[in-house]
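The next block holds one structure in the form of structure tokens; read it before the comments.
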Amino acid sequence: MLVVLAIGGSSLAITLLQIPSEERHLHNDAVRIIGARMTSDLANEIAGVERLANSSLIWTALTDSFGRDAYLQPYLTGRDNIESGERILLLDYRARPVAGLAPDDVDASVLSAFAHDVLGGASPRFRIASNGHPTLLAGFPVIFPYTEEAIGVLVASIDLHVTFRTATVGIAEHHGIALLHQDGEIESELARMPAEAGDIKYPVRFPIQLPNHPQAELLSLSYYSTSRHWLGPVLTLVGVYLVLALVLGIAVWLVARYIAARVTRRLNVLADACGEIAKGRRGEIPDDPSRDEIGVLSRTLRHAIEAYDRINLGLEERIRQKTAELSAKERRQRQLLQAMAEGVVLVDAQKRIAYVNPAASAILDIDPQRMVGRVLDVSVSWRPVHEDGHDLRPDEFPAVRALMTGEPQRDVVTGVHRPDGELRWLAINAEPIHPQPGASPDGVVLSFRDITDRRRMETELRTAATVFSNLAEAVIVTDRDNHIVAVNPAFSRITGYAPGEVLGRNPSLLASGRHDQAYYRAMWADITDEGRWQGEMWNRKKDGEIYPQWAAISAVPGSDGNISGYVSVFSDITSIKQTEMELRQLAYFDPLTGLVNRMLFEERVERAVSRAIRSGGRFAILFIDLDRFKNVNDSLGHEAGDLLLREVGSRIAARVRKSDTVSRRSGDEFTVLIEPCPSRADAARLAEELLGRLAEAVVLPSGTRIFTGGSIGIALYPDDGDNVSDLLRNADTAMYAAKEGGRGRYCFYSDEPG
């Protein structure tokens, strides 16, 4: 009987499965036939309109008003098919109606906008319009062949309801067919045949495509159910099957009750024993020697319990081992946390502090006992701040953000205030603890290190780097082997060397060659003994120019107490030297002639006296005064007088030796130091030569020739004095004696004019 029931159920199932399949085939065939009819009808109508738009009748009528009224209007009116719902309207280039009939169910504004769209694109356009009946607007531009410009629009309006109704004749009696319009993302139903079709929509779709106009694919067909003509027989078959199943079910239930009465007694015994085991008590499974299923089950349970006891003993031993391993691992981890130099704080999901290692306690200067168990209220406890000094909101603190977002926070630099008010800077990492992937964190591990000293060093290094880069003096940094490791911009500006040209080289590349080895040995001795040296040094630039510099060199001690390198700071003192020379020139030299002035001359005479005292040598002083110089100034002017003085100075300097000194003392007076001068004859011979040179004419730029001369007084050391003032005074006296003797002469202090 069960076999009969199974066969009947299978037959019913096969029948029910075949009905939807056959129904779907009918759906597809109906939709495809109707779609082909509509496509053919619409294509024929649109093709006729397109041919008409391209005919000479249309573009001629648009350019000939008489022909339009005489021929086109009757022609278009005759083409309108009221029954099929087709109407044709011709519009000019301004979208104004010219001939034909406008559709009844389309607003004039919609029609005008459609015509402008066709004119703007100069290509066919299609649009679904509905103001009652769904209407397909097909617009074709009228092209004037001579200019190839659109001069009008031919619009055909086709009543889709009429076309759809015509296509469904003879097919839609047992099928519900709907005409759909797709406008962007919006799909709307335009018509349905028959009208009473049900609401069950089948996944059958047929797009209506117009040949040569793929842009006109605006319509499609869909299938709806109309009736369930196959439902009655199916319901009858199901009823018979249910009655048969009920009868067979009662019979099976009675047989099962009978069999259960025989077998449940032994099963109850097993169930009671299993219940005791489930309660944690040692249940005894009875030994059932029978060979049926219950006996096999009883023996299997006995063996399973024995195996469970053995496995349980092994598991207990493994649990004890794992517990010991976990305890040891926990101790090692705790010892690791205790020994870490980095602070570690464990926070749970409720933001309560669960653990604090000694490093965290030392960094924050807070007793761990006061922190564990408290809620992490950073705004009160630590008053954190950003790197720019602004207060950090509680939700910006790394631990709080890690709990809120579930994302780790890396190297967040934050300032915290210790209980004594001291601000310490920390680099904080916050790692959320996820109980399982994708779950919200139930805690966070907060680790941090104190970077206060590092930030201070970085600030000092940045300051030093700024000073290094902007220092006006050149800086050279070398290693312990005196290889250049860094130079500042001022070095390149002063020496002309780019950093890449000197790095790794010895500073000796700057040596000028003016200093001997003794100079450098003394310098390095001071650096080695005193740790520094400073002084004036001459070095060479990249272009070969030798220049003076003032340098200071210091040894840099390393952490081990030994010298790790050297720093040299120097400046170009060329301008200072030039200023010194200019000042010396102003102080010791006559600005008109460039000769030594009175001050420097007297200093050199004083040094000559000192040398003569030490060596027993002799020297002479010649005191020269020009004759008739005042007449030159008065008659020719001071410029001529200045030129004469410069020429006299040049002639005297050209005659004496390099070891001698020529000085312009004042006005037209000159003095000459002759050192050494062994005899009176040497001084007399020089005086005669000078008088001869002074007697020669001096030619001015104007061509004027000036004749002048001079008188010379001579004083000898040590015969005529043993100091500067006596020698100069006696030489002056001898010069006046020479003038009194007739000018153009020389005279020794102790003699009459020669």
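Residues in the structure tokens are numbered from 1 in each chain, the chains being A, B, ... in the order shown, and ligands are numbered from 1 in the order shown.
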
Write down as a ChimeraX atom specification the residues belonging to region 480-644 of chain A that are assigned strand (DSSP E or B) by DSSP computed on the backbone. /A:484-487,511,532-540,546-557,563-572,589,596,619-627

With a distance cut-off of 7 Å and only C-alpha atoms, select the neighbouring residues of region 347-363 of chain A, excluding the residue or stretch itself and same-chain residues fewer than 5 positions from it, and output the selection as a ChimeraX atom specification. /A:337-338,340-342,368,371-376,441-445,450

What are the closest atom pairs, with distances in Å to one decimal, for each residue of region 587-678 of chain A lying within 12 Å of region 718-731 of chain A, using only C-alpha atoms, rows by chain and rising residue number, as CSV?
residue,atom,partner,partner_atom,distance
A:Arg598,CA,A:Leu728,CA,10.9
A:Met599,CA,A:Val724,CA,11.5
A:Phe601,CA,A:Val724,CA,9.9
A:Glu602,CA,A:Val724,CA,6.7
A:Glu603,CA,A:Val724,CA,8.7
A:Arg604,CA,A:Val724,CA,9.5
A:Val605,CA,A:Val724,CA,6.3
A:Glu606,CA,A:Val724,CA,5.9
A:Arg607,CA,A:Val724,CA,9.6
A:Ala608,CA,A:Val724,CA,9.4
A:Val609,CA,A:Asn723,CA,6.8
A:Ser610,CA,A:Asn723,CA,9.4
A:Arg611,CA,A:Asp722,CA,11.9
A:Ala612,CA,A:Pro718,CA,8.8
A:Ile613,CA,A:Asp722,CA,9.1
A:Gly616,CA,A:Pro718,CA,9.5
A:Gly617,CA,A:Pro718,CA,8.9
A:Arg618,CA,A:Pro718,CA,6.8
A:Phe619,CA,A:Pro718,CA,8.0
A:Ala620,CA,A:Leu727,CA,8.7
A:Ile621,CA,A:Ala731,CA,6.7
A:Leu622,CA,A:Ala731,CA,6.5
A:Phe623,CA,A:Ala731,CA,5.6
A:Ile624,CA,A:Ala731,CA,9.1
A:Asp625,CA,A:Ala731,CA,11.1
A:Arg665,CA,A:Leu728,CA,10.8
A:Glu669,CA,A:Ala731,CA,11.8
A:Phe670,CA,A:Ala731,CA,11.3
A:Thr671,CA,A:Leu728,CA,8.8
A:Val672,CA,A:Ala731,CA,10.4
A:Leu673,CA,A:Leu728,CA,10.4
A:Cys677,CA,A:Pro718,CA,11.1
A:Pro678,CA,A:Pro718,CA,11.2

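Proximity to Gly594 (chain A) at 12 Å, evaluated using only C-alpha atoms and with sequence-adjacent residues fewer than 5 positions away removed, yields Arg584, Gln585, Leu586, Ala587, Tyr588, Phe589, Leu645, Arg646, Glu647, Val648, Gly649, Ser650, Ala653, Val662, Ser663, Arg664 and Arg665 of chain A.
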
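Between Val416 (chain A) and the candidates A:Asp391, A:Asp642, A:Glu316, A:Asp543, the tightest atom-to-atom separation, counting only C-alpha atoms, involves A:Asp391.
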